[in-house]
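Asker: Just data-v3.cif, nothing more (mmCIF, C-alpha atoms):
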```cif
data_protein
loop_
_atom_site.label_atom_id
_atom_site.label_comp_id
_atom_site.auth_asym_id
_atom_site.auth_seq_id
_atom_site.Cartn_x
_atom_site.Cartn_y
_atom_site.Cartn_z
CA MET T 812 0.00 0.00 0.00
CA GLY T 813 3.10 2.27 0.05
CA GLN T 814 2.72 3.79 -3.41
CA GLU T 815 -1.06 3.93 -3.02
CA SER T 816 -0.78 5.79 0.30
CA ASN T 817 1.07 8.61 -1.45
CA GLU T 818 -1.74 9.12 -3.95
CA TYR T 819 -4.70 8.53 -1.63
CA TYR T 820 -5.26 10.34 1.64
CA ILE T 821 -8.22 8.14 2.63
CA VAL T 822 -8.41 4.39 2.04
CA CYS T 823 -11.37 2.37 3.37
CA GLU T 824 -11.43 -1.38 2.72
CA ASP T 825 -14.29 -3.76 3.59
CA LEU T 826 -15.49 -1.33 6.26
CA PHE T 827 -18.25 -2.40 8.66
CA LYS T 828 -20.04 -0.46 11.38
CA ILE T 829 -22.62 -2.26 13.51
CA TYR T 830 -24.72 -0.55 16.17
CA LYS T 831 -26.16 -2.66 18.98
CA ILE T 832 -29.50 -1.50 20.37
CA ALA T 833 -30.70 -3.83 23.15
CA ASP T 834 -30.92 -7.22 21.43
CA LEU T 835 -30.91 -5.74 17.93
CA GLU T 836 -27.98 -5.14 15.61
CA VAL T 837 -28.17 -2.39 12.99
CA VAL T 838 -25.57 -2.61 10.22
CA ALA T 839 -24.81 0.92 8.99
CA LEU T 840 -21.77 0.10 6.83
CA ARG T 841 -21.63 -3.24 5.01
CA GLY T 842 -18.17 -3.85 3.60
CA LEU T 843 -17.72 -0.36 2.17
CA ASP T 844 -14.70 0.42 -0.03
CA LEU T 845 -13.65 4.03 -0.67
CA LYS T 846 -10.52 5.87 -1.78
CA VAL T 847 -10.08 9.65 -1.71
CA LYS T 848 -7.09 11.35 -3.31
CA ARG T 849 -5.02 13.95 -1.52
CA GLY T 850 -6.40 17.42 -2.14
CA GLU T 851 -9.64 16.12 -3.64
CA LEU T 852 -12.96 17.94 -3.23
CA MET T 853 -15.65 15.28 -3.25
CA ALA T 854 -19.26 14.71 -2.20
CA ILE T 855 -20.95 11.65 -0.72
CA ILE T 856 -24.69 11.37 -1.35
CA GLY T 857 -27.32 8.81 -0.41
CA ALA T 858 -30.76 8.37 1.08
CA SER T 859 -31.37 8.67 4.83
CA GLY T 860 -30.04 5.56 6.53
CA SER T 861 -27.63 4.73 3.71
CA GLY T 862 -24.60 5.04 6.00
CA LYS T 863 -23.07 8.28 4.71
CA SER T 864 -23.12 10.14 8.04
CA THR T 865 -21.76 7.07 9.81
CA LEU T 866 -18.89 7.02 7.33
CA LEU T 867 -18.18 10.70 8.03
CA ASN T 868 -18.09 10.03 11.78
CA VAL T 869 -15.67 7.13 11.24
CA LEU T 870 -13.38 9.27 9.07
CA GLY T 871 -13.46 12.00 11.71
CA GLY T 872 -12.49 9.64 14.52
CA LEU T 873 -15.82 10.17 16.26
CA GLU T 874 -16.82 6.51 15.93
CA THR T 875 -14.76 3.33 15.71
CA PRO T 876 -15.54 0.90 12.88
CA SER T 877 -16.56 -2.64 13.82
CA ALA T 878 -14.32 -4.29 11.21
CA GLY T 879 -12.29 -3.56 8.10
CA ASN T 880 -9.51 -1.08 7.43
CA VAL T 881 -9.61 2.71 7.41
CA ILE T 882 -6.40 4.66 6.80
CA VAL T 883 -6.41 8.47 6.88
CA GLY T 884 -3.03 9.93 6.04
CA GLN T 885 -0.66 7.51 7.73
CA ARG T 886 -3.04 6.78 10.61
CA ASP T 887 -4.85 3.47 11.09
CA LEU T 888 -8.04 4.67 12.78
CA LEU T 889 -9.19 1.16 13.71
CA HIS T 890 -6.22 0.56 16.01
CA MET T 891 -5.73 4.01 17.55
CA THR T 892 -6.04 4.60 21.29
CA ALA T 893 -8.60 7.03 22.70
CA ALA T 894 -5.84 9.57 23.36
CA ASP T 895 -4.54 9.22 19.80
CA LEU T 896 -8.04 9.80 18.42
CA VAL T 897 -8.37 13.00 20.46
CA SER T 898 -5.06 14.22 19.03
CA TYR T 899 -6.16 13.22 15.52
CA ARG T 900 -9.45 15.16 15.78
CA ARG T 901 -7.70 18.19 17.23
CA LYS T 902 -4.84 18.45 14.73
CA ASP T 903 -5.72 16.57 11.55
CA VAL T 904 -9.44 17.13 10.99
CA GLY T 905 -11.76 20.12 10.62
CA PHE T 906 -15.53 19.72 10.99
CA VAL T 907 -18.43 21.73 9.56
CA TRP T 908 -21.89 20.73 10.79
CA GLN T 909 -25.33 21.52 9.43
CA GLN T 910 -26.51 23.20 12.64
CA GLY T 911 -24.83 26.55 13.17
CA GLY T 912 -24.89 26.11 16.93
CA ARG T 913 -22.36 23.27 16.67
CA ASN T 914 -19.91 25.35 14.65
CA LEU T 915 -19.71 28.71 16.41
CA VAL T 916 -19.60 30.11 19.94
CA PRO T 917 -22.57 32.54 20.02
CA TYR T 918 -20.99 35.24 22.23
CA LEU T 919 -17.75 35.48 20.22
CA THR T 920 -17.23 37.51 17.05
CA ALA T 921 -16.40 35.85 13.74
CA MET T 922 -12.74 36.76 14.25
CA GLN T 923 -12.70 35.37 17.79
CA ASN T 924 -14.39 32.14 16.68
CA VAL T 925 -11.69 31.53 14.08
CA GLU T 926 -8.95 32.37 16.58
CA LEU T 927 -10.31 30.11 19.35
CA PRO T 928 -8.92 26.75 18.10
CA LEU T 929 -5.54 28.41 17.55
CA GLN T 930 -5.56 29.81 21.07
CA LEU T 931 -6.17 26.29 22.40
CA LEU T 932 -3.19 25.09 20.36
CA GLY T 933 -0.97 27.77 21.92
CA TRP T 934 -0.55 30.11 18.96
CA SER T 935 0.63 33.64 19.76
CA PRO T 936 -2.02 36.42 19.58
CA SER T 937 -0.44 38.08 16.54
CA ARG T 938 -0.06 34.81 14.64
CA ARG T 939 -3.63 33.62 15.25
CA HIS T 940 -5.04 37.07 14.46
CA GLN T 941 -3.20 37.08 11.13
CA ARG T 942 -4.45 33.57 10.31
CA ALA T 943 -8.06 34.48 11.18
CA ARG T 944 -7.96 37.59 8.99
CA GLU T 945 -6.54 35.56 6.11
CA LEU T 946 -9.30 32.94 6.31
CA LEU T 947 -12.16 35.40 6.73
CA GLU T 948 -10.89 37.26 3.69
CA ALA T 949 -10.71 33.98 1.75
CA VAL T 950 -14.41 33.26 2.46
CA GLY T 951 -15.41 36.84 1.66
CA LEU T 952 -16.20 37.99 5.20
CA ALA T 953 -13.34 40.31 6.09
CA ASP T 954 -15.84 43.14 6.63
CA ARG T 955 -17.92 41.00 9.05
CA ALA T 956 -15.02 39.96 11.28
CA ARG T 957 -16.32 41.86 14.33
CA HIS T 958 -19.89 40.59 14.11
CA ARG T 959 -21.27 37.89 16.40
CA PRO T 960 -23.22 34.96 14.88
CA ASP T 961 -26.62 36.52 15.64
CA ARG T 962 -25.66 39.44 13.37
CA LEU T 963 -24.76 37.13 10.49
CA SER T 964 -27.01 35.40 7.95
CA GLY T 965 -27.16 31.60 7.76
CA GLY T 966 -24.82 31.55 4.80
CA GLU T 967 -22.36 33.89 6.50
CA GLN T 968 -22.40 31.72 9.61
CA GLN T 969 -21.52 28.67 7.54
CA ARG T 970 -18.67 30.50 5.82
CA VAL T 971 -17.29 31.50 9.22
CA ALA T 972 -17.68 27.85 10.27
CA ILE T 973 -15.57 26.77 7.30
CA ALA T 974 -12.91 29.29 8.30
CA VAL T 975 -12.99 27.93 11.87
CA ALA T 976 -12.64 24.35 10.60
CA LEU T 977 -9.57 25.28 8.54
CA SER T 978 -8.01 27.62 11.10
CA HIS T 979 -5.34 25.11 12.20
CA ASN T 980 -4.75 24.07 8.56
CA PRO T 981 -5.88 20.43 8.90
CA PRO T 982 -5.19 18.14 5.93
CA LEU T 983 -8.81 16.88 6.06
CA LEU T 984 -12.09 18.82 6.20
CA LEU T 985 -15.37 16.95 6.78
CA ALA T 986 -18.69 18.70 6.17
CA ASP T 987 -22.04 17.14 7.16
CA GLU T 988 -24.94 18.68 5.21
CA PRO T 989 -23.33 22.17 5.21
CA THR T 990 -26.05 23.58 2.89
CA GLY T 991 -28.99 21.67 4.37
CA GLU T 992 -30.64 24.74 5.92
CA LEU T 993 -29.77 27.23 3.16
CA ASP T 994 -31.47 28.39 -0.03
CA SER T 995 -29.98 27.36 -3.37
CA GLN T 996 -28.23 30.68 -4.05
CA THR T 997 -26.60 30.74 -0.61
CA ALA T 998 -25.68 27.06 -0.97
CA THR T 999 -23.80 27.90 -4.15
CA THR T 1000 -21.80 30.52 -2.23
CA ILE T 1001 -20.87 27.91 0.39
CA VAL T 1002 -19.67 25.40 -2.20
CA ASP T 1003 -17.68 28.14 -3.93
CA ALA T 1004 -16.00 28.84 -0.59
CA PHE T 1005 -15.07 25.17 -0.26
CA ARG T 1006 -13.60 25.24 -3.77
CA THR T 1007 -11.60 28.42 -3.10
CA LEU T 1008 -10.09 27.05 0.10
CA ASN T 1009 -9.46 23.65 -1.47
CA GLN T 1010 -7.45 25.27 -4.25
CA ARG T 1011 -5.62 27.69 -1.95
CA TYR T 1012 -4.63 25.31 0.87
CA GLY T 1013 -4.83 21.88 -0.77
CA SER T 1014 -7.01 20.37 1.94
CA THR T 1015 -8.85 17.13 1.20
CA ILE T 1016 -12.56 17.97 1.55
CA VAL T 1017 -15.37 15.41 1.93
CA ILE T 1018 -18.95 16.73 1.89
CA VAL T 1019 -21.93 14.59 2.90
CA THR T 1020 -25.10 16.01 1.40
CA HIS T 1021 -28.63 15.54 0.05
CA ASP T 1022 -28.17 18.64 -2.13
CA LEU T 1023 -27.72 17.37 -5.68
CA SER T 1024 -26.77 20.84 -6.94
CA ILE T 1025 -23.45 20.41 -5.12
CA THR T 1026 -22.56 17.45 -7.33
CA HIS T 1027 -21.90 19.77 -10.27
CA LYS T 1028 -19.25 21.72 -8.35
CA VAL T 1029 -17.01 18.98 -6.92
CA ASP T 1030 -14.36 16.72 -8.43
CA ARG T 1031 -16.16 13.46 -7.71
CA VAL T 1032 -19.47 12.17 -6.33
CA VAL T 1033 -19.88 8.81 -4.60
CA THR T 1034 -23.37 7.43 -3.94
CA ILE T 1035 -23.77 5.15 -0.92
CA ARG T 1036 -26.63 2.63 -0.84
CA ASP T 1037 -27.27 0.08 1.90
CA GLY T 1038 -23.92 0.79 3.53
CA ARG T 1039 -21.80 0.29 0.40
CA SER T 1040 -20.36 2.50 -2.32
CA SER T 1041 -22.80 2.08 -5.20
CA LEU T 1042 -22.22 4.68 -7.92
CA GLU T 1043 -19.42 7.09 -8.73
CA ALA T 1044 -19.41 10.16 -10.96
CA VAL T 1045 -16.14 11.83 -11.94
CA ARG T 1046 -15.82 15.31 -13.40
CA VAL T 1047 -14.30 15.22 -16.90
CA HIS T 1048 -13.00 18.32 -18.72
CA THR T 1049 -13.58 18.19 -22.48
CA PHE T 1050 -12.01 21.50 -23.64
CA ARG T 1051 -14.71 21.76 -26.31
CA PRO T 1052 -15.43 25.15 -27.86
CA PRO T 1053 -18.73 26.89 -26.95
CA PRO T 1054 -21.61 26.20 -27.01
CA GLU T 1055 -20.53 22.62 -26.22
CA PRO T 1056 -20.19 21.91 -22.47
CA SER T 1057 -16.60 22.17 -21.26
CA GLU T 1058 -17.10 19.48 -18.61
CA PHE T 1059 -19.48 16.73 -17.55
CA LEU T 1060 -19.90 14.02 -14.91
CA ASP T 1061 -18.91 10.57 -16.15
CA GLU T 1062 -20.89 7.94 -14.20
CA PHE T 1063 -19.72 4.47 -13.13
CA VAL T 1064 -21.05 1.56 -11.09
CA VAL T 1065 -18.64 0.73 -8.26
CA VAL T 1066 -17.22 -2.81 -8.11
CA ASP T 1067 -15.80 -3.65 -4.67
CA ARG T 1068 -12.79 -5.81 -3.80
CA ALA T 1069 -14.98 -8.94 -3.69
CA GLY T 1070 -16.35 -8.27 -7.19
CA ARG T 1071 -19.75 -7.13 -5.93
CA LEU T 1072 -21.70 -4.32 -7.57
CA GLN T 1073 -25.11 -2.74 -7.09
CA ILE T 1074 -27.34 -2.45 -10.13
CA PRO T 1075 -29.11 0.97 -10.09
CA GLY T 1076 -32.60 0.61 -8.63
CA ASP T 1077 -34.39 2.14 -11.63
CA TYR T 1078 -32.64 -0.34 -13.94
CA MET T 1079 -33.79 -3.25 -11.79
CA GLN T 1080 -37.36 -2.02 -11.76
CA LYS T 1081 -37.46 -1.37 -15.50
CA LEU T 1082 -36.03 -4.80 -16.38
CA GLY T 1083 -37.94 -6.69 -13.72
CA VAL T 1084 -34.80 -7.93 -11.97
CA ASN T 1085 -35.66 -9.76 -8.78
CA GLU T 1086 -33.21 -12.13 -7.06
CA ARG T 1087 -30.77 -13.22 -9.75
CA VAL T 1088 -29.47 -12.44 -13.23
CA ARG T 1089 -27.38 -14.12 -15.91
CA VAL T 1090 -23.90 -12.70 -16.58
CA HIS T 1091 -22.09 -13.18 -19.90
CA LEU T 1092 -18.84 -12.03 -21.48
CA LYS T 1093 -19.50 -10.60 -24.93
CA GLU T 1094 -16.97 -8.81 -27.14
CA GLY T 1095 -14.99 -7.37 -24.25
CA SER T 1096 -18.09 -6.43 -22.24
CA ILE T 1097 -19.94 -7.91 -19.27
CA VAL T 1098 -23.61 -8.37 -20.14
CA ILE T 1099 -26.20 -8.70 -17.35
CA VAL T 1100 -29.50 -10.32 -18.39
CA PRO T 1101 -32.60 -10.80 -16.17
CA ASP T 1102 -33.37 -14.43 -15.33
CA GLU T 1103 -36.52 -15.28 -17.30
CA THR T 1104 -37.32 -18.19 -14.98
CA GLU T 1105 -37.84 -15.66 -12.18
CA LYS T 1106 -40.94 -14.19 -13.85
CA PRO T 1107 -44.36 -15.11 -12.35
CA PHE T 1108 -45.74 -18.41 -13.66
CA ASP T 1109 -48.28 -17.82 -16.42
CA GLN T 1110 -50.60 -20.84 -16.42
CA ALA T 1111 -52.46 -19.77 -19.56
CA HIS T 1112 -49.19 -19.40 -21.47
CA ALA T 1113 -47.82 -22.72 -20.21
CA HIS T 1114 -51.08 -24.66 -20.85
CA PRO T 1115 -53.05 -23.04 -23.72
CA GLU T 1116 -55.53 -25.92 -23.73
CA LEU T 1117 -56.79 -24.79 -20.33
CA ASN T 1118 -57.41 -21.32 -21.69
CA GLU T 1119 -59.44 -22.77 -24.60
CA ARG T 1120 -61.49 -24.95 -22.23
CA ASP T 1121 -62.36 -21.92 -20.08
CA SER T 1122 -63.54 -20.07 -23.18
CA GLU T 1123 -65.83 -22.96 -24.17
CA ASP T 1124 -67.32 -23.16 -20.66
CA LYS T 1125 -68.15 -19.45 -20.74
CA ARG T 1126 -70.08 -19.93 -23.96
#
```
Take the structure from the file and write it as structure tokens.
Answerer:
Amino acid sequence: MGQESNEYYIVCEDLFKIYKIADLEVVALRGLDLKVKRGELMAIIGASGSGKSTLLNVLGGLETPSAGNVIVGQRDLLHMTAADLVSYRRKDVGFVWQQGGRNLVPYLTAMQNVELPLQLLGWSPSRRHQRARELLEAVGLADRARHRPDRLSGGEQQRVAIAVALSHNPPLLLADEPTGELDSQTATTIVDAFRTLNQRYGSTIVIVTHDLSITHKVDRVVTIRDGRSSLEAVRVHTFRPPPEPSEFLDEFVVVDRAGRLQIPGDYMQKLGVNERVRVHLKEGSIVIVPDETEKPFDQAHAHPELNERDSEDKR
């Protein structure tokens, strides 16, 4: 994994997370595989209960996986002590949450909120003040530095939260539904702020979201379904002259290390796929064909003489 670890900042292999509630076990992650490149800006999407927020908590060191491997940087999160995880969260990860109350201290100004993590790390007043000014300027809020959160709009609060999360220059930024409570125009401003900071500081940024508009502004989108990586869309630049689009999202179905894949749900419904399919190799392609024997038994089709007899009886 040596060469791979240089290219990828996050590597998850066969990752499981099981919650025990009384006598019940809830499996949130079911053998998930995921790789994220250093400096990548990506989004993870999925329905409620798909496991995306659980994955974010595991990557942030807030929860320990039940099995599998998860490497972030050079750290093996599965085998870290509690003290090591505290150090990891404090130094290597920045968090942005959907609820503003989790991101900012209400009685501190924007400037003071950004400076607070640096003060806890022992930075000198002049150094942390300079860093806070730099970040607030980067997110377009230099003129709001002396305002408390209650004097800022929802979008401005989230931009301050992003500055707070990046104040100590962590290599990884995790954002959980950062635009969930914002209108579409403000959400665009937030994603633009992520992009600006990603390009300026090279941080790896993972955004968990329901907001599909975000998918057109990131490098890659991974869809999680039933606790596994299901689909992946990668941004491709075409360099075509106008009016042709200069970029598009190229979509793939994810195949995990065991050779498993998830057929998109709308494909299964349209083709009537139930429990099994036939798989063939054909001219360099893998062809998946619904199993005809799975279709409901049609007695009239199988025994036409019965159909004729019923018609005679009705006469």
Asker: Using only C-alpha atoms, pick whichever of T:Leu870, T:Leu1082, T:Ala943, T:Val1065 has the shortest atom-to-atom distance to Ile882 in chain T.
Answerer: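 That would be T:Leu870, the residue with the smallest distance to Ile882 in chain T.
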Asker: Check which residues satisfy the PyMOL selection byres ((chain T and resi 944) around 10) in the file shown, then give them as a PyMOL selection string.
Answerer: chain T and resi 921-922+925-926+939-943+945-949+952-954+956+974
Asker: Quick one: everything within 12 Å of Lys1028 in chain T, counting all atoms listed in the file, minus sequence neighbours fewer than 5 positions away in the same chain. Send it as a CSV table (one decimal) with C-alpha atoms, in the frame of the given file.
Answerer:
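What landed in around.csv:
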```csv
chain,number,residue,atom,x,y,z
T,852,LEU,CA,-13.0,17.9,-3.2
T,853,MET,CA,-15.6,15.3,-3.2
T,854,ALA,CA,-19.3,14.7,-2.2
T,998,ALA,CA,-25.7,27.1,-1.0
T,999,THR,CA,-23.8,27.9,-4.2
T,1000,THR,CA,-21.8,30.5,-2.2
T,1001,ILE,CA,-20.9,27.9,0.4
T,1002,VAL,CA,-19.7,25.4,-2.2
T,1003,ASP,CA,-17.7,28.1,-3.9
T,1004,ALA,CA,-16.0,28.8,-0.6
T,1005,PHE,CA,-15.1,25.2,-0.3
T,1006,ARG,CA,-13.6,25.2,-3.8
T,1007,THR,CA,-11.6,28.4,-3.1
T,1018,ILE,CA,-19.0,16.7,1.9
T,1022,ASP,CA,-28.2,18.6,-2.1
T,1023,LEU,CA,-27.7,17.4,-5.7
T,1044,ALA,CA,-19.4,10.2,-11.0
T,1045,VAL,CA,-16.1,11.8,-11.9
T,1046,ARG,CA,-15.8,15.3,-13.4
T,1047,VAL,CA,-14.3,15.2,-16.9
T,1058,GLU,CA,-17.1,19.5,-18.6
T,1059,PHE,CA,-19.5,16.7,-17.6
T,1060,LEU,CA,-19.9,14.0,-14.9
```
Asker: Which residues match the PyMOL selection byres ((chain T and resi 902) around 12) in the file above, as an MDAnalysis selection string?
Answerer: chainID T and resid 871:872 895:901 903:906 928:929 931:932 976:984
Asker: Running the PyMOL selection byres ((chain T and resi 967) around 10) on this model by hand, what would come out? Give it as a ChimeraX atom specification.
Answerer: /T:921,950-952,955,960,962-966,968-973,997,1000-1001
Asker: Can you pull out the residues contacting Trp908 in chain T? Cut-off 6 Å, using all atoms listed in the file, and skip same-chain residues under 3 positions away; I want them as an MDAnalysis selection string.
Answerer: chainID T and resid 986:987 989
Asker: Edge lengths and centre, in Å to one decimal, as AutoDock Vina command-line options: that's what I need for the box along x, y and z that holds all listed atoms of range 1062-1069 of chain T plus 8 Å on each side.
Answerer:
```
--center_x -16.9 --center_y -0.5 --center_z -8.9 --size_x 24.3 --size_y 32.9 --size_z 26.5
```
Asker: Identify which of the residues T:Met891, T:Leu927, T:Ile1074, T:Leu826 lies closest to Leu843 in chain T, counting all atoms listed in the file when measuring atom-to-atom distances.
Answerer: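 Counting all atoms listed in the file, the residue closest to Leu843 in chain T is T:Leu826.
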Asker: Just to confirm, what's the straight-line distance from CA of His958 in chain T to CA of Glu992 in chain T in Å (one decimal)?
Answerer: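 Separating CA of His958 in chain T from CA of Glu992 in chain T is a distance of 20.8 Å.
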Asker: Which protein, DNA or RNA residues have an atom at most 6 Å from (-11.6, 14.1, 0.8), counting only C-alpha atoms? List them as number ranges by chain.
Answerer: T: 847, 851-853, 1015-1017
Asker: Would you mind exporting C-alpha atoms of the selected residues as a short mmCIF file (atom, residue, chain, number, x, y, z; two decimals), in the coordinates of the input?
Answerer:
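Output saved as result18.cif:
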```
data_model
loop_
_atom_site.label_atom_id
_atom_site.label_comp_id
_atom_site.auth_asym_id
_atom_site.auth_seq_id
_atom_site.Cartn_x
_atom_site.Cartn_y
_atom_site.Cartn_z
CA VAL T 847 -10.08 9.65 -1.71
CA GLU T 851 -9.64 16.12 -3.64
CA LEU T 852 -12.96 17.94 -3.23
CA MET T 853 -15.65 15.28 -3.25
CA THR T 1015 -8.85 17.13 1.20
CA ILE T 1016 -12.56 17.97 1.55
CA VAL T 1017 -15.37 15.41 1.93
#
```
Asker: Quick one: of T:Glu1086, T:Glu1103, T:Asp1067, T:Asp1037, who's nearest to Gly860 in chain T, counting all atoms listed in the file?
Answerer: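 Once distances to Gly860 in chain T are computed over all atoms listed in the file, the minimum belongs to T:Asp1037.
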Asker: Which is closest to Ser859 in chain T among T:Thr1026, T:Thr1020, T:Gln1080, T:Gln923, if we use all atoms listed in the file?
Answerer: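 Checking each candidate against Ser859 in chain T, we get T:Thr1020 as the closest.
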Asker: In Å, how far is it from CA of Val1088 in chain T to CA of Cys823 in chain T?
Answerer: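 These atoms are spaced 28.7 Å apart.
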Asker: How many Å separate CA of Tyr1012 in chain T from CA of Gly850 in chain T?
Answerer: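 CA of Gly850 in chain T lies 8.6 Å from CA of Tyr1012 in chain T.
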Asker: Calculated over all atoms listed in the file, which of the candidates T:Val975, T:Val883, T:Ser937, T:Gly1076 has the smallest distance to Leu915 in chain T?
Answerer: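 The closest residue to Leu915 in chain T is T:Val975.
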Asker: With all atoms listed in the file as the counted atoms, please give the residues lying no more than 10 Å from Asp961 in chain T, apart from itself and same-chain residues fewer than 5 positions off, as an mmCIF file with C-alpha atoms, in the frame of the given file.
Answerer:
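Once written, around39.cif looks like this:
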```cif
data_model
loop_
_atom_site.group_PDB
_atom_site.id
_atom_site.type_symbol
_atom_site.label_atom_id
_atom_site.label_comp_id
_atom_site.auth_asym_id
_atom_site.auth_seq_id
_atom_site.Cartn_x
_atom_site.Cartn_y
_atom_site.Cartn_z
ATOM 1 C CA PRO T 917 -22.570 32.540 20.020
ATOM 2 C CA TYR T 918 -20.990 35.240 22.230
ATOM 3 C CA THR T 920 -17.230 37.510 17.050
ATOM 4 C CA GLN T 968 -22.400 31.720 9.610
#
```
Asker: Ile1035 in chain T: which residues within 8 Å, counting only C-alpha atoms, same-chain residues fewer than 2 positions away excluded, as a list in words?
Answerer: Ile855, Ile856, Gly857, Ala858, Ser861, Gly862, Lys863, Val1033, Asp1037, Gly1038, Arg1039, Ser1040, Ser1041 and Leu1042 of chain T
Asker: Could you dump the residues just selected with C-alpha atoms as a PDB file, keeping the file's coordinate frame?
Answerer:
```pdb
ATOM      1  CA  ILE T 855     -20.950  11.650  -0.720  1.00  0.00           C
ATOM      2  CA  ILE T 856     -24.690  11.370  -1.350  1.00  0.00           C
ATOM      3  CA  GLY T 857     -27.320   8.810  -0.410  1.00  0.00           C
ATOM      4  CA  ALA T 858     -30.760   8.370   1.080  1.00  0.00           C
ATOM      5  CA  SER T 861     -27.630   4.730   3.710  1.00  0.00           C
ATOM      6  CA  GLY T 862     -24.600   5.040   6.000  1.00  0.00           C
ATOM      7  CA  LYS T 863     -23.070   8.280   4.710  1.00  0.00           C
ATOM      8  CA  VAL T1033     -19.880   8.810  -4.600  1.00  0.00           C
ATOM      9  CA  ASP T1037     -27.270   0.080   1.900  1.00  0.00           C
ATOM     10  CA  GLY T1038     -23.920   0.790   3.530  1.00  0.00           C
ATOM     11  CA  ARG T1039     -21.800   0.290   0.400  1.00  0.00           C
ATOM     12  CA  SER T1040     -20.360   2.500  -2.320  1.00  0.00           C
ATOM     13  CA  SER T1041     -22.800   2.080  -5.200  1.00  0.00           C
ATOM     14  CA  LEU T1042     -22.220   4.680  -7.920  1.00  0.00           C
TER      15      LEU T1042
END
```
Asker: Go through T:Arg1036, T:Ser864, T:Trp934, T:Tyr820 and flag the residue nearest Gly842 in chain T, using only C-alpha atoms for the distances.
Answerer: T:Arg1036
